[in-house]
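Visitor: My questions all concern the structure below.
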Amino acid sequence: MAVSGTLHGGVGIVRGDVFSLRRTINGIPAGRTLAEGWLTVKAAIADVDGSATFQKVITSIESSGVGQIEDTGADGSGILRFDISATNTLAMTAGTVYYYDIQIRLDNNDVLTLETGTTSAAAQVTIDS
């Protein structure tokens, strides 16, 4: 079910940037809803999640600086929002390739990987002193 892609439009992530990453999920099975979502970014694909560059775990409850499942998909279509902070993007090294995936857990505990791919980090030009 996973779609291969590039995070942040394929242009890479600029260190120090702050943004929300949204994904619309279509085809949620009838009678099921989104219970949890993960965005994991790692420097090495084999790293355990505890060693990830950063990871966001979201539910339908708003979590400041983390994100939220904005629509649980009872009508078959849901929306995930991951809030990426400056702390997250500053943890990335400019010029390095990172691996990421987006996974969901449905209310029946099925876990599905929706998207996998790579991204990179670019050096920031404007630095607040």
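A note on labels: chains of the structure tokens are A, B, ... as shown, every chain counts residues from 1, and ligands are counted from 1 in their shown order.
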Would you list the contacts of A:Asp47 as an NGL selection string, taking every protein, DNA or RNA residue within 12 Å and counting only C-alpha atoms, but skipping same-chain residues closer than 5 positions in sequence?
Guide: :A and (40-42 or 52-54 or 98-100)
Visitor: Using N, CA, C and O atoms, can you write the selected residues to a file as a PDB file, in the first residue's frame?
Guide:
ATOM      1  N   THR A  40       8.151   9.392  10.621  1.00  0.00           N
ATOM      2  CA  THR A  40       9.473   9.066  11.144  1.00  0.00           C
ATOM      3  C   THR A  40      10.518   9.472  10.112  1.00  0.00           C
ATOM      4  O   THR A  40      10.382   9.136   8.936  1.00  0.00           O
ATOM      5  N   VAL A  41      11.542  10.202  10.560  1.00  0.00           N
ATOM      6  CA  VAL A  41      12.644  10.651   9.700  1.00  0.00           C
ATOM      7  C   VAL A  41      13.945  10.150  10.319  1.00  0.00           C
ATOM      8  O   VAL A  41      14.211  10.400  11.498  1.00  0.00           O
ATOM      9  N   LYS A  42      14.730   9.415   9.507  1.00  0.00           N
ATOM     10  CA  LYS A  42      15.966   8.795   9.995  1.00  0.00           C
ATOM     11  C   LYS A  42      17.117   9.051   9.023  1.00  0.00           C
ATOM     12  O   LYS A  42      16.912   9.105   7.824  1.00  0.00           O
ATOM     13  N   ALA A  52      15.776   7.782  15.721  1.00  0.00           N
ATOM     14  CA  ALA A  52      15.348   8.595  14.577  1.00  0.00           C
ATOM     15  C   ALA A  52      15.786  10.044  14.759  1.00  0.00           C
ATOM     16  O   ALA A  52      15.911  10.536  15.887  1.00  0.00           O
ATOM     17  N   THR A  53      16.016  10.723  13.653  1.00  0.00           N
ATOM     18  CA  THR A  53      16.325  12.148  13.697  1.00  0.00           C
ATOM     19  C   THR A  53      15.167  12.883  14.358  1.00  0.00           C
ATOM     20  O   THR A  53      15.353  13.728  15.217  1.00  0.00           O
ATOM     21  N   PHE A  54      13.944  12.552  13.942  1.00  0.00           N
ATOM     22  CA  PHE A  54      12.751  12.954  14.689  1.00  0.00           C
ATOM     23  C   PHE A  54      11.588  12.070  14.285  1.00  0.00           C
ATOM     24  O   PHE A  54      11.572  11.475  13.220  1.00  0.00           O
ATOM     25  N   TYR A  98      17.955  11.725   4.086  1.00  0.00           N
ATOM     26  CA  TYR A  98      17.193  11.126   5.179  1.00  0.00           C
ATOM     27  C   TYR A  98      16.090  10.252   4.603  1.00  0.00           C
ATOM     28  O   TYR A  98      15.552  10.542   3.536  1.00  0.00           O
ATOM     29  N   TYR A  99      15.754   9.211   5.326  1.00  0.00           N
ATOM     30  CA  TYR A  99      14.676   8.297   4.950  1.00  0.00           C
ATOM     31  C   TYR A  99      13.475   8.598   5.829  1.00  0.00           C
ATOM     32  O   TYR A  99      13.633   8.922   7.009  1.00  0.00           O
ATOM     33  N   TYR A 100      12.287   8.495   5.256  1.00  0.00           N
ATOM     34  CA  TYR A 100      11.093   8.766   6.054  1.00  0.00           C
ATOM     35  C   TYR A 100       9.984   7.799   5.667  1.00  0.00           C
ATOM     36  O   TYR A 100      10.007   7.192   4.599  1.00  0.00           O
TER      37      TYR A 100
END
Visitor: Assign secondary structure with DSSP using the backbone only, and return the residues of chain A in strand (DSSP E) as a PDB file with N, CA and C atoms, in the first residue's frame.
Guide:
ATOM      1  N   VAL A   3       3.281   4.279  -0.912  1.00  0.00           N
ATOM      2  CA  VAL A   3       3.616   5.070  -2.087  1.00  0.00           C
ATOM      3  C   VAL A   3       5.012   5.633  -1.864  1.00  0.00           C
ATOM      4  N   SER A   4       5.877   5.508  -2.845  1.00  0.00           N
ATOM      5  CA  SER A   4       7.210   6.068  -2.742  1.00  0.00           C
ATOM      6  C   SER A   4       7.146   7.544  -3.107  1.00  0.00           C
ATOM      7  N   GLY A   5       7.830   8.374  -2.334  1.00  0.00           N
ATOM      8  CA  GLY A   5       7.744   9.800  -2.606  1.00  0.00           C
ATOM      9  C   GLY A   5       8.926  10.563  -2.065  1.00  0.00           C
ATOM     10  N   THR A   6       8.782  11.864  -2.085  1.00  0.00           N
ATOM     11  CA  THR A   6       9.781  12.753  -1.511  1.00  0.00           C
ATOM     12  C   THR A   6       9.074  13.698  -0.558  1.00  0.00           C
ATOM     13  N   ILE A  13      14.382  19.977   2.942  1.00  0.00           N
ATOM     14  CA  ILE A  13      13.952  20.744   4.107  1.00  0.00           C
ATOM     15  C   ILE A  13      15.083  21.689   4.481  1.00  0.00           C
ATOM     16  N   VAL A  14      14.780  22.953   4.626  1.00  0.00           N
ATOM     17  CA  VAL A  14      15.792  23.931   5.031  1.00  0.00           C
ATOM     18  C   VAL A  14      15.902  23.897   6.551  1.00  0.00           C
ATOM     19  N   PHE A  19       7.027  24.189   9.695  1.00  0.00           N
ATOM     20  CA  PHE A  19       5.900  24.029   8.772  1.00  0.00           C
ATOM     21  C   PHE A  19       5.024  22.862   9.203  1.00  0.00           C
ATOM     22  N   SER A  20       3.822  22.825   8.671  1.00  0.00           N
ATOM     23  CA  SER A  20       2.915  21.699   8.878  1.00  0.00           C
ATOM     24  C   SER A  20       2.881  20.866   7.603  1.00  0.00           C
ATOM     25  N   LEU A  21       2.963  19.568   7.771  1.00  0.00           N
ATOM     26  CA  LEU A  21       2.904  18.623   6.662  1.00  0.00           C
ATOM     27  C   LEU A  21       1.561  17.904   6.747  1.00  0.00           C
ATOM     28  N   ARG A  22       0.748  18.042   5.703  1.00  0.00           N
ATOM     29  CA  ARG A  22      -0.574  17.409   5.684  1.00  0.00           C
ATOM     30  C   ARG A  22      -0.621  16.327   4.617  1.00  0.00           C
ATOM     31  N   ARG A  23      -1.339  15.272   4.949  1.00  0.00           N
ATOM     32  CA  ARG A  23      -1.604  14.202   4.001  1.00  0.00           C
ATOM     33  C   ARG A  23      -3.075  13.835   4.088  1.00  0.00           C
ATOM     34  N   THR A  24      -3.714  13.709   2.923  1.00  0.00           N
ATOM     35  CA  THR A  24      -5.092  13.234   2.837  1.00  0.00           C
ATOM     36  C   THR A  24      -5.050  11.752   2.527  1.00  0.00           C
ATOM     37  N   ILE A  25      -5.795  10.988   3.296  1.00  0.00           N
ATOM     38  CA  ILE A  25      -5.855   9.541   3.105  1.00  0.00           C
ATOM     39  C   ILE A  25      -7.233   9.193   2.579  1.00  0.00           C
ATOM     40  N   ASN A  26      -7.279   8.600   1.396  1.00  0.00           N
ATOM     41  CA  ASN A  26      -8.540   8.165   0.802  1.00  0.00           C
ATOM     42  C   ASN A  26      -8.636   6.644   0.892  1.00  0.00           C
ATOM     43  N   LEU A  34      -9.218   6.465  11.477  1.00  0.00           N
ATOM     44  CA  LEU A  34      -7.802   6.632  11.809  1.00  0.00           C
ATOM     45  C   LEU A  34      -7.679   6.825  13.316  1.00  0.00           C
ATOM     46  N   ALA A  35      -6.789   6.060  13.953  1.00  0.00           N
ATOM     47  CA  ALA A  35      -6.590   6.156  15.395  1.00  0.00           C
ATOM     48  C   ALA A  35      -5.256   6.818  15.741  1.00  0.00           C
ATOM     49  N   GLU A  36      -4.241   6.593  14.910  1.00  0.00           N
ATOM     50  CA  GLU A  36      -2.904   7.100  15.203  1.00  0.00           C
ATOM     51  C   GLU A  36      -2.132   7.252  13.901  1.00  0.00           C
ATOM     52  N   GLY A  37      -1.189   8.174  13.883  1.00  0.00           N
ATOM     53  CA  GLY A  37      -0.340   8.366  12.717  1.00  0.00           C
ATOM     54  C   GLY A  37       1.088   8.641  13.148  1.00  0.00           C
ATOM     55  N   TRP A  38       2.046   8.206  12.317  1.00  0.00           N
ATOM     56  CA  TRP A  38       3.461   8.413  12.601  1.00  0.00           C
ATOM     57  C   TRP A  38       4.153   9.005  11.383  1.00  0.00           C
ATOM     58  N   LEU A  39       5.002   9.969  11.622  1.00  0.00           N
ATOM     59  CA  LEU A  39       5.974  10.449  10.639  1.00  0.00           C
ATOM     60  C   LEU A  39       7.335  10.207  11.269  1.00  0.00           C
ATOM     61  N   THR A  40       8.151   9.392  10.621  1.00  0.00           N
ATOM     62  CA  THR A  40       9.473   9.066  11.144  1.00  0.00           C
ATOM     63  C   THR A  40      10.518   9.472  10.112  1.00  0.00           C
ATOM     64  N   VAL A  41      11.542  10.202  10.560  1.00  0.00           N
ATOM     65  CA  VAL A  41      12.644  10.651   9.700  1.00  0.00           C
ATOM     66  C   VAL A  41      13.945  10.150  10.319  1.00  0.00           C
ATOM     67  N   LYS A  42      14.730   9.415   9.507  1.00  0.00           N
ATOM     68  CA  LYS A  42      15.966   8.795   9.995  1.00  0.00           C
ATOM     69  C   LYS A  42      17.117   9.051   9.023  1.00  0.00           C
ATOM     70  N   PHE A  54      13.944  12.552  13.942  1.00  0.00           N
ATOM     71  CA  PHE A  54      12.751  12.954  14.689  1.00  0.00           C
ATOM     72  C   PHE A  54      11.588  12.070  14.285  1.00  0.00           C
ATOM     73  N   GLN A  55      10.632  11.984  15.196  1.00  0.00           N
ATOM     74  CA  GLN A  55       9.422  11.219  14.941  1.00  0.00           C
ATOM     75  C   GLN A  55       8.247  11.963  15.555  1.00  0.00           C
ATOM     76  N   LYS A  56       7.147  12.013  14.816  1.00  0.00           N
ATOM     77  CA  LYS A  56       5.909  12.631  15.277  1.00  0.00           C
ATOM     78  C   LYS A  56       4.856  11.537  15.378  1.00  0.00           C
ATOM     79  N   VAL A  57       4.174  11.456  16.508  1.00  0.00           N
ATOM     80  CA  VAL A  57       3.087  10.503  16.709  1.00  0.00           C
ATOM     81  C   VAL A  57       1.833  11.318  17.014  1.00  0.00           C
ATOM     82  N   ILE A  58       0.813  11.170  16.157  1.00  0.00           N
ATOM     83  CA  ILE A  58      -0.392  11.984  16.299  1.00  0.00           C
ATOM     84  C   ILE A  58      -1.629  11.119  16.519  1.00  0.00           C
ATOM     85  N   GLY A  67       1.151  17.734  16.155  1.00  0.00           N
ATOM     86  CA  GLY A  67       0.175  17.638  15.081  1.00  0.00           C
ATOM     87  C   GLY A  67      -1.116  17.009  15.541  1.00  0.00           C
ATOM     88  N   GLN A  68      -1.900  16.540  14.565  1.00  0.00           N
ATOM     89  CA  GLN A  68      -3.221  16.003  14.883  1.00  0.00           C
ATOM     90  C   GLN A  68      -3.775  15.253  13.675  1.00  0.00           C
ATOM     91  N   ILE A  69      -4.599  14.239  13.947  1.00  0.00           N
ATOM     92  CA  ILE A  69      -5.445  13.668  12.908  1.00  0.00           C
ATOM     93  C   ILE A  69      -6.637  14.613  12.837  1.00  0.00           C
ATOM     94  N   GLU A  70      -6.673  15.447  11.808  1.00  0.00           N
ATOM     95  CA  GLU A  70      -7.708  16.480  11.706  1.00  0.00           C
ATOM     96  C   GLU A  70      -9.060  15.923  11.299  1.00  0.00           C
ATOM     97  N   ASP A  71      -9.049  14.806  10.582  1.00  0.00           N
ATOM     98  CA  ASP A  71     -10.281  14.135  10.163  1.00  0.00           C
ATOM     99  C   ASP A  71     -10.001  12.640  10.248  1.00  0.00           C
ATOM    100  N   SER A  77     -12.404   9.208   4.008  1.00  0.00           N
ATOM    101  CA  SER A  77     -11.281  10.089   3.693  1.00  0.00           C
ATOM    102  C   SER A  77     -10.858  10.833   4.956  1.00  0.00           C
ATOM    103  N   GLY A  78      -9.565  10.776   5.291  1.00  0.00           N
ATOM    104  CA  GLY A  78      -9.069  11.427   6.500  1.00  0.00           C
ATOM    105  C   GLY A  78      -7.917  12.362   6.210  1.00  0.00           C
ATOM    106  N   ILE A  79      -7.561  13.164   7.219  1.00  0.00           N
ATOM    107  CA  ILE A  79      -6.472  14.135   7.061  1.00  0.00           C
ATOM    108  C   ILE A  79      -5.522  14.036   8.255  1.00  0.00           C
ATOM    109  N   LEU A  80      -4.227  13.903   7.948  1.00  0.00           N
ATOM    110  CA  LEU A  80      -3.169  13.919   8.952  1.00  0.00           C
ATOM    111  C   LEU A  80      -2.433  15.249   8.877  1.00  0.00           C
ATOM    112  N   ARG A  81      -2.054  15.797  10.032  1.00  0.00           N
ATOM    113  CA  ARG A  81      -1.210  17.001  10.059  1.00  0.00           C
ATOM    114  C   ARG A  81      -0.068  16.766  11.045  1.00  0.00           C
ATOM    115  N   PHE A  82       1.150  16.850  10.523  1.00  0.00           N
ATOM    116  CA  PHE A  82       2.343  16.742  11.351  1.00  0.00           C
ATOM    117  C   PHE A  82       2.979  18.123  11.425  1.00  0.00           C
ATOM    118  N   ASP A  83       3.210  18.634  12.635  1.00  0.00           N
ATOM    119  CA  ASP A  83       3.807  19.949  12.829  1.00  0.00           C
ATOM    120  C   ASP A  83       5.318  19.789  13.017  1.00  0.00           C
ATOM    121  N   ILE A  84       6.075  20.306  12.057  1.00  0.00           N
ATOM    122  CA  ILE A  84       7.534  20.190  12.061  1.00  0.00           C
ATOM    123  C   ILE A  84       8.110  21.466  12.661  1.00  0.00           C
ATOM    124  N   VAL A  97      21.146  12.806   3.130  1.00  0.00           N
ATOM    125  CA  VAL A  97      19.890  12.187   2.701  1.00  0.00           C
ATOM    126  C   VAL A  97      19.253  11.518   3.916  1.00  0.00           C
ATOM    127  N   TYR A  98      17.955  11.725   4.086  1.00  0.00           N
ATOM    128  CA  TYR A  98      17.193  11.126   5.179  1.00  0.00           C
ATOM    129  C   TYR A  98      16.090  10.252   4.603  1.00  0.00           C
ATOM    130  N   TYR A  99      15.754   9.211   5.326  1.00  0.00           N
ATOM    131  CA  TYR A  99      14.676   8.297   4.950  1.00  0.00           C
ATOM    132  C   TYR A  99      13.475   8.598   5.829  1.00  0.00           C
ATOM    133  N   TYR A 100      12.287   8.495   5.256  1.00  0.00           N
ATOM    134  CA  TYR A 100      11.093   8.766   6.054  1.00  0.00           C
ATOM    135  C   TYR A 100       9.984   7.799   5.667  1.00  0.00           C
ATOM    136  N   ASP A 101       9.049   7.669   6.578  1.00  0.00           N
ATOM    137  CA  ASP A 101       7.797   7.019   6.234  1.00  0.00           C
ATOM    138  C   ASP A 101       6.657   7.638   7.030  1.00  0.00           C
ATOM    139  N   ILE A 102       5.467   7.434   6.505  1.00  0.00           N
ATOM    140  CA  ILE A 102       4.240   7.847   7.182  1.00  0.00           C
ATOM    141  C   ILE A 102       3.398   6.593   7.338  1.00  0.00           C
ATOM    142  N   GLN A 103       3.044   6.295   8.582  1.00  0.00           N
ATOM    143  CA  GLN A 103       2.216   5.129   8.877  1.00  0.00           C
ATOM    144  C   GLN A 103       0.965   5.571   9.619  1.00  0.00           C
ATOM    145  N   ILE A 104      -0.069   4.739   9.515  1.00  0.00           N
ATOM    146  CA  ILE A 104      -1.293   4.963  10.279  1.00  0.00           C
ATOM    147  C   ILE A 104      -1.674   3.681  11.003  1.00  0.00           C
ATOM    148  N   ARG A 105      -2.431   3.858  12.079  1.00  0.00           N
ATOM    149  CA  ARG A 105      -3.076   2.737  12.747  1.00  0.00           C
ATOM    150  C   ARG A 105      -4.563   3.014  12.713  1.00  0.00           C
ATOM    151  N   LEU A 106      -5.322   2.041  12.216  1.00  0.00           N
ATOM    152  CA  LEU A 106      -6.772   2.156  12.196  1.00  0.00           C
ATOM    153  C   LEU A 106      -7.331   1.742  13.558  1.00  0.00           C
ATOM    154  N   VAL A 111      -2.057  -1.672  11.040  1.00  0.00           N
ATOM    155  CA  VAL A 111      -1.030  -0.646  10.813  1.00  0.00           C
ATOM    156  C   VAL A 111      -0.643  -0.701   9.345  1.00  0.00           C
ATOM    157  N   LEU A 112      -0.712   0.451   8.688  1.00  0.00           N
ATOM    158  CA  LEU A 112      -0.434   0.540   7.257  1.00  0.00           C
ATOM    159  C   LEU A 112       0.599   1.622   6.997  1.00  0.00           C
ATOM    160  N   THR A 113       1.563   1.313   6.141  1.00  0.00           N
ATOM    161  CA  THR A 113       2.533   2.309   5.699  1.00  0.00           C
ATOM    162  C   THR A 113       1.966   2.964   4.450  1.00  0.00           C
ATOM    163  N   LEU A 114       1.745   4.278   4.534  1.00  0.00           N
ATOM    164  CA  LEU A 114       1.135   5.014   3.429  1.00  0.00           C
ATOM    165  C   LEU A 114       2.151   5.571   2.452  1.00  0.00           C
ATOM    166  N   GLU A 115       3.318   5.920   2.972  1.00  0.00           N
ATOM    167  CA  GLU A 115       4.297   6.625   2.139  1.00  0.00           C
ATOM    168  C   GLU A 115       5.691   6.343   2.672  1.00  0.00           C
ATOM    169  N   THR A 116       6.633   6.111   1.765  1.00  0.00           N
ATOM    170  CA  THR A 116       8.040   5.980   2.124  1.00  0.00           C
ATOM    171  C   THR A 116       8.848   6.786   1.122  1.00  0.00           C
ATOM    172  N   GLY A 117      10.017   7.214   1.521  1.00  0.00           N
ATOM    173  CA  GLY A 117      10.844   7.951   0.580  1.00  0.00           C
ATOM    174  C   GLY A 117      12.054   8.566   1.233  1.00  0.00           C
ATOM    175  N   THR A 118      12.608   9.549   0.537  1.00  0.00           N
ATOM    176  CA  THR A 118      13.800  10.242   1.021  1.00  0.00           C
ATOM    177  C   THR A 118      13.580  11.744   0.964  1.00  0.00           C
ATOM    178  N   THR A 119      14.351  12.423   1.748  1.00  0.00           N
ATOM    179  CA  THR A 119      14.405  13.873   1.707  1.00  0.00           C
ATOM    180  C   THR A 119      15.842  14.270   2.044  1.00  0.00           C
ATOM    181  N   SER A 120      16.111  15.536   1.992  1.00  0.00           N
ATOM    182  CA  SER A 120      17.439  16.014   2.352  1.00  0.00           C
ATOM    183  C   SER A 120      17.280  17.323   3.115  1.00  0.00           C
ATOM    184  N   ALA A 121      18.370  17.771   3.665  1.00  0.00           N
ATOM    185  CA  ALA A 121      18.369  19.031   4.382  1.00  0.00           C
ATOM    186  C   ALA A 121      19.293  20.012   3.673  1.00  0.00           C
ATOM    187  N   ALA A 122      18.862  21.265   3.653  1.00  0.00           N
ATOM    188  CA  ALA A 122      19.671  22.336   3.074  1.00  0.00           C
ATOM    189  C   ALA A 122      20.052  23.307   4.189  1.00  0.00           C
TER     190      ALA A 122
END
Visitor: For atom CA of A:Asp75 and atom CA of A:Gly27, determine how far apart the two atoms are, in Å to one decimal place.
Guide: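 Pair atom CA of A:Asp75 / atom CA of A:Gly27 returns 9.2 Å.
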Visitor: Residues of chain A classed as alpha helix (DSSP H) by DSSP on the backbone are to be reported as a list in words.
Guide: Ala86, Thr87, Asn88, Thr89 and Leu90 of chain A
Visitor: Can you tell me, as a list in words, what residues are no more than 8 Å from stretch 86-88 of chain A when counting only C-alpha atoms, ignoring any on the same chain fewer than 2 positions away?
Guide: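 Using only C-alpha atoms, the neighbours found are Arg15, Gly16, Asp17, Val18, Thr53, Phe54, Ile84, Leu90, Ala91 and Met92 of chain A.
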Visitor: Could you write out the selected residues, including N, CA and C atoms, as a PDB file, in the first residue's frame?
Guide:
ATOM      1  N   ARG A  15      17.109  23.735   7.050  1.00  0.00           N
ATOM      2  CA  ARG A  15      17.333  23.706   8.495  1.00  0.00           C
ATOM      3  C   ARG A  15      16.767  24.975   9.127  1.00  0.00           C
ATOM      4  N   GLY A  16      16.061  24.825  10.222  1.00  0.00           N
ATOM      5  CA  GLY A  16      15.471  25.952  10.930  1.00  0.00           C
ATOM      6  C   GLY A  16      14.051  26.277  10.507  1.00  0.00           C
ATOM      7  N   ASP A  17      13.580  25.686   9.395  1.00  0.00           N
ATOM      8  CA  ASP A  17      12.206  25.948   8.946  1.00  0.00           C
ATOM      9  C   ASP A  17      11.189  25.318   9.892  1.00  0.00           C
ATOM     10  N   VAL A  18      10.002  25.912   9.916  1.00  0.00           N
ATOM     11  CA  VAL A  18       8.866  25.447  10.708  1.00  0.00           C
ATOM     12  C   VAL A  18       7.686  25.349   9.742  1.00  0.00           C
ATOM     13  N   THR A  53      16.016  10.723  13.653  1.00  0.00           N
ATOM     14  CA  THR A  53      16.325  12.148  13.697  1.00  0.00           C
ATOM     15  C   THR A  53      15.167  12.883  14.358  1.00  0.00           C
ATOM     16  N   PHE A  54      13.944  12.552  13.942  1.00  0.00           N
ATOM     17  CA  PHE A  54      12.751  12.954  14.689  1.00  0.00           C
ATOM     18  C   PHE A  54      11.588  12.070  14.285  1.00  0.00           C
ATOM     19  N   ILE A  84       6.075  20.306  12.057  1.00  0.00           N
ATOM     20  CA  ILE A  84       7.534  20.190  12.061  1.00  0.00           C
ATOM     21  C   ILE A  84       8.110  21.466  12.661  1.00  0.00           C
ATOM     22  N   LEU A  90      16.472  21.546  12.605  1.00  0.00           N
ATOM     23  CA  LEU A  90      17.864  21.816  12.986  1.00  0.00           C
ATOM     24  C   LEU A  90      18.606  20.543  13.386  1.00  0.00           C
ATOM     25  N   ALA A  91      17.867  19.475  13.672  1.00  0.00           N
ATOM     26  CA  ALA A  91      18.499  18.188  13.982  1.00  0.00           C
ATOM     27  C   ALA A  91      19.038  17.509  12.718  1.00  0.00           C
ATOM     28  N   MET A  92      18.655  18.021  11.564  1.00  0.00           N
ATOM     29  CA  MET A  92      19.105  17.472  10.284  1.00  0.00           C
ATOM     30  C   MET A  92      20.404  18.147   9.853  1.00  0.00           C
TER      31      MET A  92
END
Visitor: Atom CA of A:Val48 to atom CA of A:Val66: how many Å, to one decimal?
Guide: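 Spanning atom CA of A:Val48 to atom CA of A:Val66 is a straight-line distance of 19.8 Å.
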